[in-house]
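Colleague: Sharing input-v2.txt below, compact mmCIF, C-alpha atoms and all ligand atoms:
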```txt
# COMPACT_ATOMS: atom_id res chain seq x y z
CA MET A 1352 -11.19 -32.34 18.59
CA PHE A 1353 -13.00 -29.28 17.18
CA LYS A 1354 -12.49 -28.76 13.51
CA THR A 1355 -15.10 -26.14 12.69
CA ASP A 1356 -16.52 -23.16 14.47
CA SER A 1357 -19.87 -23.26 16.19
CA ARG A 1358 -21.60 -22.52 12.91
CA GLY A 1359 -19.55 -25.02 10.95
CA SER A 1360 -18.01 -22.18 8.97
CA HIS A 1361 -14.93 -20.02 8.91
CA GLU A 1362 -15.93 -16.76 7.39
CA GLY A 1363 -15.10 -13.11 7.59
CA PRO A 1364 -17.23 -10.65 9.51
CA HIS A 1365 -19.63 -10.00 6.65
CA GLY A 1366 -20.19 -13.61 5.61
CA ASP A 1367 -23.42 -15.62 5.85
CA ALA A 1368 -22.69 -16.90 9.31
CA LEU A 1369 -23.09 -13.40 10.70
CA SER A 1370 -25.66 -11.95 8.36
CA LEU A 1371 -27.98 -14.83 9.35
CA ARG A 1372 -28.63 -12.87 12.49
CA GLY A 1373 -29.75 -9.93 10.40
CA GLU A 1374 -27.34 -7.46 12.02
CA SER A 1375 -25.70 -4.73 10.00
CA ASN A 1376 -21.96 -4.11 10.09
CA ALA A 1377 -21.11 -0.46 10.49
CA SER A 1378 -17.62 0.46 9.39
CA ALA A 1379 -15.22 2.02 11.83
CA SER A 1380 -14.98 5.71 12.49
CA LEU A 1381 -14.01 7.86 15.43
CA ILE A 1382 -16.82 8.96 17.70
CA THR A 1383 -14.89 11.07 20.15
CA GLY A 1384 -14.16 14.71 19.58
CA THR A 1385 -10.48 13.84 19.75
CA ASP A 1386 -8.90 14.34 16.39
CA PHE A 1387 -5.74 12.30 16.67
CA PRO A 1388 -2.81 13.83 14.93
CA CYS A 1389 -0.92 11.53 12.61
CA LEU A 1390 1.18 10.44 15.55
CA ASP A 1391 0.16 11.08 19.11
CA ILE A 1392 2.34 9.79 21.91
CA ARG A 1393 0.67 9.97 25.27
CA LYS A 1394 2.20 8.53 28.41
CA THR A 1395 -0.12 7.25 31.10
CA LYS A 1396 1.25 6.63 34.55
CA ILE A 1397 -2.16 6.57 36.15
CA ALA A 1398 -5.30 5.06 34.72
CA LEU A 1399 -6.09 7.37 31.84
CA ASN A 1400 -9.71 6.45 31.73
CA SER A 1401 -10.93 6.82 35.23
CA ALA A 1402 -14.29 7.83 33.79
CA VAL A 1403 -14.77 4.29 32.46
CA ASN A 1404 -16.22 2.09 35.13
CA HIS A 1405 -15.34 -1.35 33.86
CA ASP A 1406 -15.80 -3.88 36.64
CA LYS A 1407 -13.40 -6.75 35.96
CA GLY A 1408 -15.25 -9.20 38.22
CA TYR A 1409 -16.40 -11.26 35.24
CA LEU A 1410 -12.82 -11.84 34.01
CA PRO A 1411 -11.27 -15.08 35.29
CA LEU A 1412 -8.06 -14.86 37.28
CA THR A 1413 -5.13 -16.03 35.22
CA ARG A 1414 -1.36 -16.24 35.22
CA TYR A 1415 -1.29 -17.08 31.51
CA TYR A 1416 1.90 -15.78 29.97
CA GLY A 1417 1.16 -12.46 28.25
CA SER A 1418 -2.45 -12.19 29.46
CA LYS A 1419 -3.79 -8.67 29.22
CA ARG A 1420 -6.04 -8.96 32.27
CA ARG A 1421 -4.18 -6.25 34.19
CA LEU A 1422 -4.35 -3.89 31.21
CA VAL A 1423 -7.89 -4.47 30.15
CA ASP A 1424 -9.50 -1.46 31.92
CA TRP A 1425 -7.04 0.85 30.26
CA MET A 1426 -7.36 -0.77 26.85
CA VAL A 1427 -11.15 -0.86 26.91
CA GLY A 1428 -11.18 2.84 27.74
CA GLU A 1429 -9.18 3.44 24.56
CA PHE A 1430 -11.29 1.05 22.44
CA GLN A 1431 -14.39 2.98 23.44
CA LYS A 1432 -13.08 6.02 21.58
CA TYR A 1433 -13.71 4.21 18.29
CA GLU A 1434 -17.00 3.24 16.74
CA PHE A 1435 -17.04 -0.38 15.65
CA GLN A 1436 -19.26 -3.40 15.74
CA THR A 1437 -17.32 -6.46 14.53
CA ALA A 1438 -14.07 -7.23 16.33
CA LEU A 1439 -11.46 -9.90 15.67
CA ASP A 1440 -9.18 -11.06 18.50
CA VAL A 1441 -6.40 -12.69 16.45
CA PHE A 1442 -4.12 -14.04 19.22
CA GLY A 1443 -6.92 -14.53 21.74
CA GLY A 1444 -5.09 -16.48 24.52
CA THR A 1445 -7.17 -16.50 27.71
CA SER A 1446 -10.13 -14.74 26.01
CA THR A 1447 -9.69 -11.76 28.34
CA VAL A 1448 -9.83 -9.16 25.58
CA SER A 1449 -12.64 -10.99 23.74
CA LEU A 1450 -14.65 -11.06 26.96
CA ALA A 1451 -14.07 -7.35 27.48
CA LEU A 1452 -15.11 -6.62 23.89
CA LYS A 1453 -18.20 -8.80 24.28
CA ASN A 1454 -19.00 -6.91 27.46
CA LEU A 1455 -18.85 -3.67 25.46
CA GLY A 1456 -21.58 -5.08 23.19
CA LYS A 1457 -19.25 -5.88 20.27
CA GLN A 1458 -19.67 -8.76 17.83
CA VAL A 1459 -16.55 -10.72 18.74
CA THR A 1460 -14.63 -13.32 16.76
CA TYR A 1461 -11.98 -15.19 18.74
CA ASN A 1462 -8.95 -17.04 17.39
CA ASP A 1463 -5.86 -18.69 18.85
CA ILE A 1464 -3.62 -21.38 17.42
CA LEU A 1465 -3.72 -23.52 20.56
CA GLU A 1466 -6.59 -25.95 21.05
CA SER A 1467 -6.46 -25.50 24.84
CA ASN A 1468 -7.15 -21.79 24.35
CA ARG A 1469 -10.00 -22.60 22.00
CA VAL A 1470 -11.50 -24.83 24.70
CA THR A 1471 -11.09 -21.97 27.19
CA ALA A 1472 -12.78 -19.54 24.80
CA THR A 1473 -15.66 -21.96 24.25
CA ALA A 1474 -16.14 -22.33 28.02
CA LEU A 1475 -15.97 -18.61 28.77
CA LEU A 1476 -17.43 -16.74 25.82
CA SER A 1477 -20.73 -18.49 25.18
CA ASN A 1478 -23.91 -16.50 25.72
CA GLN A 1479 -25.66 -19.55 27.15
CA PRO A 1480 -25.79 -20.02 30.92
CA CYS A 1481 -23.21 -22.51 32.19
CA LEU A 1482 -24.43 -26.08 31.67
CA THR A 1483 -22.43 -27.48 34.58
CA SER A 1484 -23.28 -26.78 38.22
CA GLN A 1485 -20.86 -27.19 41.15
CA ASP A 1486 -22.80 -30.36 42.08
CA ASP A 1487 -22.44 -31.73 38.52
CA LEU A 1488 -18.72 -31.04 38.67
CA GLU A 1489 -18.41 -32.78 42.03
CA ASP A 1490 -20.42 -35.69 40.68
CA PHE A 1491 -18.29 -35.91 37.52
CA PHE A 1492 -14.98 -35.94 39.38
CA SER A 1493 -16.25 -38.36 42.03
CA LYS A 1494 -16.74 -40.95 39.24
CA ILE A 1495 -13.07 -40.88 38.27
CA ILE A 1496 -11.29 -44.17 38.76
CA PRO A 1497 -7.51 -43.67 38.78
CA GLU A 1498 -5.75 -45.90 36.24
CA HIS A 1499 -2.40 -46.46 34.57
CA GLY A 1500 -2.79 -44.81 31.17
CA PHE A 1501 -0.90 -42.54 28.82
CA VAL A 1502 -0.03 -39.81 31.34
CA SER A 1503 1.22 -42.32 33.93
CA GLU A 1504 3.28 -44.09 31.27
CA TYR A 1505 4.92 -41.09 29.60
CA PHE A 1506 5.00 -38.36 32.25
CA ASN A 1507 6.26 -40.32 35.24
CA GLY A 1508 8.24 -37.99 37.53
CA ILE A 1509 7.91 -35.00 35.19
CA TYR A 1510 5.03 -32.72 36.26
CA TYR A 1511 2.83 -34.53 38.76
CA THR A 1512 3.14 -37.37 41.28
CA SER A 1513 2.30 -40.95 40.30
CA GLU A 1514 -1.04 -40.78 42.13
CA GLU A 1515 -1.90 -37.56 40.34
CA ASN A 1516 -0.91 -39.03 36.97
CA ASN A 1517 -3.17 -42.03 37.61
CA TRP A 1518 -5.99 -39.67 38.53
CA LEU A 1519 -5.43 -37.64 35.35
CA ASP A 1520 -5.63 -40.82 33.28
CA GLY A 1521 -8.93 -41.64 34.98
CA ALA A 1522 -10.15 -38.09 34.29
CA ILE A 1523 -9.25 -38.35 30.58
CA ASN A 1524 -11.22 -41.58 30.39
CA GLU A 1525 -14.26 -40.03 32.10
CA LEU A 1526 -14.06 -36.92 29.88
CA SER A 1527 -14.15 -39.11 26.78
CA LYS A 1528 -17.69 -40.13 27.73
CA ILE A 1529 -19.09 -36.57 27.55
CA LYS A 1530 -20.89 -35.98 24.27
CA ASN A 1531 -22.02 -32.36 24.65
CA THR A 1532 -19.18 -30.11 23.39
CA LEU A 1533 -19.99 -27.10 25.55
CA ARG A 1534 -20.25 -29.17 28.71
CA LYS A 1535 -17.01 -30.94 27.83
CA CYS A 1536 -15.23 -27.60 27.38
CA GLU A 1537 -16.54 -26.38 30.75
CA ILE A 1538 -15.20 -29.43 32.56
CA LEU A 1539 -11.93 -29.42 30.59
CA TYR A 1540 -11.45 -25.74 31.44
CA CYS A 1541 -11.82 -26.55 35.15
CA LEU A 1542 -9.38 -29.43 34.86
CA MET A 1543 -6.83 -27.36 32.91
CA GLN A 1544 -6.97 -24.54 35.46
CA ALA A 1545 -6.37 -27.04 38.28
CA CYS A 1546 -3.42 -28.49 36.32
CA LEU A 1547 -1.91 -25.01 35.91
CA GLN A 1548 -2.38 -24.12 39.56
CA LYS A 1549 -0.41 -27.19 40.61
CA ARG A 1550 2.59 -26.31 38.45
CA PRO A 1551 5.59 -24.24 39.58
CA PHE A 1552 5.45 -21.04 37.47
CA ASN A 1553 2.10 -22.36 36.10
CA LEU A 1554 4.01 -23.73 33.10
CA PHE A 1555 5.09 -27.02 31.52
CA HIS A 1556 8.35 -25.86 29.94
CA ARG A 1557 10.56 -27.87 32.33
CA LYS A 1558 10.65 -31.21 34.07
CA ASN A 1559 10.61 -29.82 37.59
CA LEU A 1560 8.41 -31.96 39.80
CA HIS A 1561 11.35 -31.90 42.25
CA LEU A 1562 10.53 -28.25 43.04
CA ARG A 1563 7.25 -29.47 44.43
CA GLN A 1564 8.69 -32.51 46.13
CA ASN A 1565 11.47 -30.51 47.81
CA ASN A 1566 9.04 -27.70 48.54
CA THR A 1567 10.71 -25.31 50.96
CA ARG A 1568 7.71 -23.01 50.92
CA ASP A 1569 9.79 -20.62 48.90
CA THR A 1570 8.05 -17.30 48.56
CA LYS A 1571 9.37 -16.87 45.03
CA PHE A 1572 6.72 -19.41 44.06
CA GLY A 1573 3.51 -17.52 44.63
CA ASN A 1574 1.50 -20.71 44.18
CA TRP A 1575 3.42 -23.22 46.33
CA ALA A 1576 0.54 -23.53 48.79
CA THR A 1577 -1.77 -24.87 46.09
CA TRP A 1578 0.66 -27.46 44.71
CA GLU A 1579 -0.38 -30.15 47.15
CA LYS A 1580 -4.11 -29.54 46.94
CA PRO A 1581 -5.90 -32.29 44.99
CA PHE A 1582 -7.19 -31.52 41.50
CA SER A 1583 -10.69 -32.25 42.77
CA VAL A 1584 -10.42 -29.30 45.21
CA LEU A 1585 -8.92 -26.84 42.73
CA ILE A 1586 -11.50 -27.36 39.97
CA HIS A 1587 -14.28 -25.50 41.75
CA ARG A 1588 -12.84 -21.99 41.53
CA ALA A 1589 -12.62 -22.34 37.75
CA LEU A 1590 -16.29 -23.28 37.44
CA GLY A 1591 -17.25 -20.19 39.47
CA GLU A 1592 -15.24 -18.16 36.97
CA ILE A 1593 -17.05 -19.66 33.99
CA ILE A 1594 -20.40 -18.90 35.62
CA LYS A 1595 -19.40 -15.24 36.17
CA ALA A 1596 -17.95 -14.85 32.68
CA ARG A 1597 -21.02 -16.23 30.92
CA GLN A 1598 -23.04 -13.05 30.74
CA PRO A 1599 -25.62 -12.80 27.96
CA ALA A 1600 -24.81 -10.22 25.30
CA LYS A 1601 -26.33 -8.91 22.09
CA TYR A 1602 -24.10 -11.06 19.89
CA ASP A 1603 -22.96 -14.63 20.34
CA PRO A 1604 -19.16 -14.66 20.01
CA ILE A 1605 -17.71 -16.74 17.20
CA ILE A 1606 -14.82 -19.04 18.05
CA LEU A 1607 -12.77 -19.94 15.01
CA PRO A 1608 -11.00 -23.24 14.42
CA CYS A 1609 -7.37 -22.82 15.56
CA THR A 1610 -5.86 -20.87 12.69
CA ASP A 1611 -2.52 -19.21 11.98
CA ALA A 1612 -2.99 -15.47 12.41
CA ILE A 1613 -1.93 -14.74 8.83
CA ALA A 1614 -4.62 -16.99 7.36
CA LEU A 1615 -7.59 -15.19 8.97
CA PRO A 1616 -9.86 -13.18 6.68
CA SER A 1617 -9.93 -9.38 6.76
CA GLY A 1618 -12.97 -7.11 6.80
CA TYR A 1619 -13.63 -6.70 10.51
CA ASP A 1620 -14.28 -3.19 11.85
CA PHE A 1621 -11.72 -3.64 14.63
CA VAL A 1622 -8.76 -6.03 14.83
CA TYR A 1623 -6.85 -6.65 18.04
CA LEU A 1624 -3.32 -8.07 17.70
CA ASP A 1625 -1.45 -9.42 20.70
CA PRO A 1626 1.28 -11.60 19.19
CA PRO A 1627 4.05 -13.37 21.06
CA TYR A 1628 6.97 -10.93 21.41
CA ILE A 1629 10.59 -11.54 20.47
CA PRO A 1630 12.69 -10.54 23.47
CA LEU A 1631 15.80 -8.58 22.48
CA ARG A 1632 18.23 -10.28 24.81
CA LYS A 1633 17.23 -13.93 25.06
CA GLN A 1634 15.76 -16.69 22.96
CA ASP A 1635 12.06 -17.00 23.70
CA ILE A 1636 10.21 -20.26 24.03
CA SER A 1637 6.94 -20.90 22.26
CA TYR A 1638 3.46 -21.00 23.74
CA MET A 1639 3.43 -24.68 22.78
CA ASP A 1640 6.50 -25.23 24.98
CA ARG A 1641 4.72 -23.49 27.84
CA TYR A 1642 1.33 -25.20 27.54
CA HIS A 1643 1.82 -28.46 25.56
CA PHE A 1644 0.47 -30.60 28.41
CA LEU A 1645 -2.91 -28.82 28.17
CA GLU A 1646 -2.90 -29.42 24.41
CA GLY A 1647 -2.50 -33.12 25.16
CA LEU A 1648 -5.42 -33.11 27.60
CA CYS A 1649 -7.61 -31.52 24.92
CA ASN A 1650 -6.56 -34.05 22.28
CA PRO A 1651 -5.67 -37.24 24.21
CA SER A 1652 -6.15 -39.60 21.28
CA GLN A 1653 -3.44 -37.81 19.26
CA TRP A 1654 -1.11 -37.05 22.17
CA LYS A 1655 1.05 -40.15 21.83
CA ASP A 1656 1.74 -39.49 18.14
CA LYS A 1657 2.75 -35.92 18.85
CA ILE A 1658 5.05 -35.92 21.88
CA ASP A 1659 8.80 -35.69 21.53
CA LEU A 1660 10.10 -38.67 23.50
CA ALA A 1661 13.69 -37.53 23.04
CA LYS A 1662 13.15 -34.54 25.36
CA ILE A 1663 13.00 -35.06 29.10
CA ASN A 1664 9.89 -32.93 29.57
CA ARG A 1665 8.05 -34.69 26.71
CA PRO A 1666 6.72 -31.60 24.88
CA ILE A 1667 4.66 -31.50 21.70
CA PRO A 1668 6.96 -29.92 19.08
CA CYS A 1669 6.05 -26.38 18.12
CA PRO A 1670 4.33 -26.36 14.70
CA GLU A 1671 5.80 -24.17 11.95
CA ASP A 1672 2.80 -21.79 12.14
CA MET A 1673 3.83 -20.98 15.71
CA SER A 1674 7.60 -21.09 15.40
CA LYS A 1675 7.58 -18.46 12.66
CA TRP A 1676 6.17 -16.01 15.25
CA ILE A 1677 9.06 -16.55 17.62
CA SER A 1678 11.83 -16.32 15.04
CA LYS A 1679 13.72 -13.02 14.79
CA VAL A 1680 14.25 -13.67 11.11
CA GLN A 1681 10.56 -14.03 10.28
CA PHE A 1682 8.57 -12.18 12.95
CA LYS A 1683 8.76 -8.66 11.51
CA ASP A 1684 7.68 -9.71 8.01
CA HIS A 1685 4.76 -11.69 9.40
CA LEU A 1686 3.64 -8.91 11.72
CA PHE A 1687 3.81 -6.27 9.00
CA THR A 1688 2.00 -8.55 6.52
CA LEU A 1689 -0.71 -9.09 9.10
CA ILE A 1690 -1.14 -5.38 9.81
CA GLU A 1691 -1.16 -4.62 6.09
CA LYS A 1692 -3.86 -7.26 5.55
CA HIS A 1693 -6.14 -5.54 8.06
CA LYS A 1694 -5.34 -1.95 7.11
CA GLY A 1695 -8.99 -1.33 6.17
CA SER A 1696 -9.90 -1.92 9.84
CA THR A 1697 -9.05 -0.06 13.01
CA VAL A 1698 -6.06 -2.08 14.17
CA CYS A 1699 -4.84 -2.18 17.77
CA LEU A 1700 -1.48 -3.82 18.45
CA SER A 1701 -0.30 -4.60 21.99
CA TYR A 1702 3.46 -4.36 22.27
CA VAL A 1703 6.35 -3.96 24.71
CA HIS A 1704 9.71 -2.24 24.86
CA ASP A 1705 12.81 -4.46 24.67
CA ALA A 1706 11.35 -6.51 21.85
CA TYR A 1707 12.31 -7.01 18.21
CA PRO A 1708 11.50 -5.04 16.09
CA GLY A 1709 11.67 -1.92 18.25
CA VAL A 1710 8.72 0.30 19.02
CA GLN A 1711 10.04 3.10 16.76
CA GLU A 1712 10.13 0.80 13.74
CA ILE A 1713 6.61 -0.46 14.39
CA LYS A 1714 5.37 3.08 14.93
CA SER A 1715 6.87 4.13 11.57
CA PHE A 1716 5.19 1.20 9.88
CA PHE A 1717 1.83 2.16 11.40
CA SER A 1718 2.31 5.76 10.28
CA THR A 1719 2.95 4.70 6.68
CA THR A 1720 0.06 2.19 6.70
CA PHE A 1721 -2.67 4.24 8.39
CA ARG A 1722 -3.77 7.86 8.11
CA HIS A 1723 -4.06 8.15 11.89
CA THR A 1724 -1.85 6.45 14.43
CA VAL A 1725 -1.86 6.73 18.18
CA LEU A 1726 0.72 5.22 20.53
CA LEU A 1727 -0.12 4.84 24.20
CA GLU A 1728 1.99 3.63 27.09
CA HIS A 1729 0.92 2.23 30.41
CA ASP A 1730 2.96 1.26 33.48
CA VAL A 1731 2.17 -2.13 34.98
CA PRO A 1732 3.84 -3.84 37.94
CA HIS A 1733 5.88 -6.85 36.86
CA ALA A 1734 4.61 -10.18 38.24
CA LEU A 1735 7.99 -11.48 39.40
CA SER A 1736 9.92 -8.32 40.24
CA LYS A 1737 9.47 -4.99 41.97
CA LYS A 1738 10.07 -3.06 38.74
CA THR A 1739 7.24 -1.70 36.65
CA LYS A 1740 7.05 -2.49 32.96
CA LYS A 1741 5.77 -0.29 30.17
CA GLU A 1742 3.11 -1.85 28.02
CA ILE A 1743 2.16 -0.25 24.74
CA ILE A 1744 -0.76 -0.13 22.41
CA LEU A 1745 -0.64 1.29 18.91
CA ILE A 1746 -3.93 2.03 17.23
CA GLY A 1747 -4.08 2.72 13.51
CA ARG A 1748 -7.05 3.67 11.34
CA SER A 1749 -7.42 5.03 7.85
C1 LIG B 1 0.52 -12.62 24.10
S1 LIG B 1 -0.49 -14.05 23.98
C2 LIG B 1 -2.12 -13.36 23.85
C3 LIG B 1 -2.70 -13.07 25.19
C4 LIG B 1 -4.15 -12.65 25.16
N1 LIG B 1 -4.34 -11.35 24.56
C5 LIG B 1 -4.70 -12.67 26.56
O1 LIG B 1 -5.03 -11.58 27.10
O2 LIG B 1 -4.77 -13.75 27.14
C6 LIG B 1 -0.18 -14.62 22.36
C7 LIG B 1 -1.08 -15.76 21.90
O3 LIG B 1 -0.79 -16.02 20.52
C8 LIG B 1 -1.06 -17.39 20.27
N2 LIG B 1 -0.38 -17.72 19.01
C9 LIG B 1 0.92 -18.03 18.80
N3 LIG B 1 1.17 -18.22 17.49
C10 LIG B 1 -0.01 -18.00 16.84
C11 LIG B 1 -0.40 -18.02 15.48
N4 LIG B 1 0.49 -18.31 14.51
N5 LIG B 1 -1.68 -17.73 15.17
C12 LIG B 1 -2.59 -17.45 16.15
N6 LIG B 1 -2.27 -17.44 17.47
C13 LIG B 1 -1.01 -17.69 17.82
C14 LIG B 1 -0.53 -18.10 21.50
O4 LIG B 1 -1.13 -19.35 21.67
C15 LIG B 1 -0.89 -17.09 22.61
O5 LIG B 1 -2.08 -17.45 23.27
```
Would you put the structure from the file into structure tokens?
Ligand SMILES: C[S@@+](CC[C@H](N)C(=O)[O-])C[C@H]1O[C@@H](n2cnc3c(N)ncnc32)[C@H](O)[C@@H]1O
Modeller:
Amino acid sequence: MFKTDSRGSHEGPHGDALSLRGESNASASLITGTDFPCLDIRKTKIALNSAVNHDKGYLPLTRYYGSKRRLVDWMVGEFQKYEFQTALDVFGGTSTVSLALKNLGKQVTYNDILESNRVTATALLSNQPCLTSQDDLEDFFSKIIPEHGFVSEYFNGIYYTSEENNWLDGAINELSKIKNTLRKCEILYCLMQACLQKRPFNLFHRKNLHLRQNNTRDTKFGNWATWEKPFSVLIHRALGEIIKARQPAKYDPIILPCTDAIALPSGYDFVYLDPPYIPLRKQDISYMDRYHFLEGLCNPSQWKDKIDLAKINRPIPCPEDMSKWISKVQFKDHLFTLIEKHKGSTVCLSYVHDAYPGVQEIKSFFSTTFRHTVLLEHDVPHALSKKTKKEIILIGRS
């Protein structure tokens, strides 16, 4: 659907697309008095940066797998210790970190390999006021005429009821009539959020409509109460979130065409890496497996050619550029190549314990790649259990 970025280009931070705005690009250096030793391990059980008042109200709620929303206050407090202007969010996901960086006044470039995330970024990151009002949204969805289309034909009994599938087919048809890209992304974002809210676990990795149909109001499903609400009711919260997120800033964020992390250019002052992690004990599934249905909604004309009809949940197969980031055999080489590529920048990597390769190995790689490395840990409550989990950031600079 979108093949080029908003400027029709795909350049590094110092290319024409940015210099057109006549802004200079200062290179990174530390501004705090803190002189990090070569390796500085600091454990934070409480918010380290209580001095930073970073109101998260503009960040949309999300249960996206791996979202850094709950960590963003802490991370932003750390980012502020470095002087930088251009920032690249390589595995951008929900746009949470890009939004936080934009809110700090940074010149943000967003990337993610999934089209549905690119649509989300387009809806949330723009400096323009939201084009769609709640009345427009109501008006748009009131025009939908349910029909038997692709979703009804191929996803019968898989994620949504027959009536909901017919409604989604009608929505896809109505969306195809919108010509303005930004407006289309705003409405698609609202629709995608409603689709996620109506899914057990907010995912599409399993055929499990029966969990909804045999709904025992099980408290292990935090979102069971929303499952039966119509899409047309759930869309409105998402629009409110777009409106709050769309705050004007000094720089207009750049949203890249969906690109494999390795292929992005270097030269940014600050590079944020939040790759998928390889769990030590189990085989992970890909982000495509989790969110393929949203990819289909964003690209309905190509959906039929992409889905795997042999699988009962009808996923879109994970492309090689994604699967290499969830393979134990390839992940480490790719991650280290990526860090090496950006070693002229200040690089921040989000990471976790219990992943492959281990934190010690990554820390050693940072220490050999950068003159200064800092490793920070932060306790966060786990969404589905009472245990807390340690999240990590490593920041390297030369
Ligand atoms: C841990 S999540 C990032 C979460 C994000 N920081 C946030 O706060 O929402 C990892 C992201 O990497 C993306 N991804 C996976 N493979 C990729 C690749 N080869 N290149 C770029 N992005 C990729 C996934 O789509 C996913 O959104």
Colleague: Name the closest residue to Asn1553 in chain A among the candidates A:Glu1691, A:Asn1574, A:Ser1467, A:Pro1670; distances are taken between atoms, counting only C-alpha atoms.
Modeller: A:Asn1574
Colleague: For range 1584-1598 of chain A, list every protein, DNA or RNA residue within 8 Å, evaluated using all atoms listed in the file, and leave out those in the same chain fewer than 4 positions away; present the list as JSON, numbers by chain.
Modeller: {"A": [1408, 1409, 1410, 1411, 1412, 1450, 1474, 1475, 1476, 1477, 1478, 1479, 1480, 1481, 1483, 1484, 1485, 1488, 1537, 1538, 1540, 1541, 1542, 1544, 1545, 1548, 1580]}
Colleague: Residues within 8 Å of ligand LIG 1 (chain B) should be enumerated using only C-alpha atoms and all ligand atoms and returned as a ChimeraX atom specification.
Modeller: /A:1415-1420,1440-1448,1462-1465,1468,1609-1613,1624-1628,1637-1639,1672-1676
Colleague: Need the shell around Ala1522 in chain A: protein/DNA/RNA residues with any atom at most 8 Å away, counting all atoms listed in the file. Skip same-chain ones fewer than 5 positions apart. Format as a list of chain:residue names?
Modeller: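 Here the qualifying residues turn out to be A:Phe1492, A:Ile1495, A:Ile1496, A:Pro1497.
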Colleague: With distances taken over all atoms listed in the file, which of A:Ala1438, A:Cys1649, A:Leu1660, A:Leu1422 is nearest to Ser1527 in chain A?
Modeller: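 Of A:Ala1438, A:Cys1649, A:Leu1660, A:Leu1422, the one nearest Ser1527 in chain A, counting all atoms listed in the file, is A:Cys1649.
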Colleague: Using only C-alpha atoms, can you tell me which of A:Asn1650, A:Asp1486, A:Arg1414, A:Phe1682 comes closest to Ile1667 in chain A?
Modeller: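 Using only C-alpha atoms, Ile1667 in chain A sits closest to A:Asn1650.
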Colleague: As an exercise, work out the distance from CA of Arg1469 in chain A to CA of Glu1742 in chain A in Å and give it to one decimal place.
Modeller: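 For CA of Arg1469 in chain A relative to CA of Glu1742 in chain A, the distance reads 25.3 Å.
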Colleague: Within 12 Å of Pro1708 in chain A, counting all atoms listed in the file, which residues qualify if same-chain residues fewer than 6 places away don't, as a short mmCIF file (atom, residue, chain, number, x, y, z; two decimals) with C-alpha atoms, in the coordinates of the input?
Modeller:
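Full text of result.cif as output:
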```
data_model
loop_
_atom_site.label_atom_id
_atom_site.label_comp_id
_atom_site.auth_asym_id
_atom_site.auth_seq_id
_atom_site.Cartn_x
_atom_site.Cartn_y
_atom_site.Cartn_z
CA TYR A 1628 6.97 -10.93 21.41
CA ILE A 1629 10.59 -11.54 20.47
CA PRO A 1630 12.69 -10.54 23.47
CA LEU A 1631 15.80 -8.58 22.48
CA ILE A 1677 9.06 -16.55 17.62
CA SER A 1678 11.83 -16.32 15.04
CA LYS A 1679 13.72 -13.02 14.79
CA VAL A 1680 14.25 -13.67 11.11
CA GLN A 1681 10.56 -14.03 10.28
CA PHE A 1682 8.57 -12.18 12.95
CA LYS A 1683 8.76 -8.66 11.51
CA ASP A 1684 7.68 -9.71 8.01
CA HIS A 1685 4.76 -11.69 9.40
CA LEU A 1686 3.64 -8.91 11.72
CA PHE A 1687 3.81 -6.27 9.00
CA TYR A 1702 3.46 -4.36 22.27
CA LYS A 1714 5.37 3.08 14.93
CA SER A 1715 6.87 4.13 11.57
CA PHE A 1716 5.19 1.20 9.88
#
```
Colleague: I'd like to know which of A:His1723, A:Arg1534, A:Arg1557, A:His1729 is closest to Gly1747 in chain A, using all atoms listed in the file.
Modeller: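 Using all atoms listed in the file, Gly1747 in chain A sits closest to A:His1723.
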Colleague: One number please: CA of Arg1550 in chain A to CA of Phe1491 in chain A, in Å, one decimal.
Modeller: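 Separation of CA of Arg1550 in chain A and CA of Phe1491 in chain A: 23.0 Å.
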Colleague: My list of candidates is A:His1704, A:Gly1647, A:Leu1452, A:Pro1581. Which is closest to Ile1744 in chain A when distances are computed with only C-alpha atoms?
Modeller: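 For Ile1744 in chain A, the nearest of the candidates is A:His1704.
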Colleague: Could you please determine the separation between CA of Tyr1623 in chain A and CA of Thr1532 in chain A in Å, to one decimal place?
Modeller: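 Interatomic distance here is 27.0 Å.
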Colleague: Could you list, as a PyMOL selection string, every residue within 12 Å of range 1564-1568 of chain A, counting all atoms listed in the file and ignoring same-chain residues fewer than 3 positions away?
Modeller: chain A and resi 1508-1512+1549-1551+1559-1561+1571-1579
Colleague: Quick one: everything within 7 Å of Leu1439 in chain A, counting all atoms listed in the file, minus sequence neighbours fewer than 4 positions away in the same chain. Send it as number ranges by chain.
Modeller: A: 1459-1461, 1619, 1621-1623
Colleague: Using only C-alpha atoms, pick whichever of A:Gln1711, A:Ser1449, A:Gln1653, A:Asp1705 has the shortest atom-to-atom distance to Lys1740 in chain A.
Modeller: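 Ranking A:Gln1711, A:Ser1449, A:Gln1653, A:Asp1705 by distance to Lys1740 in chain A, first place goes to A:Asp1705.
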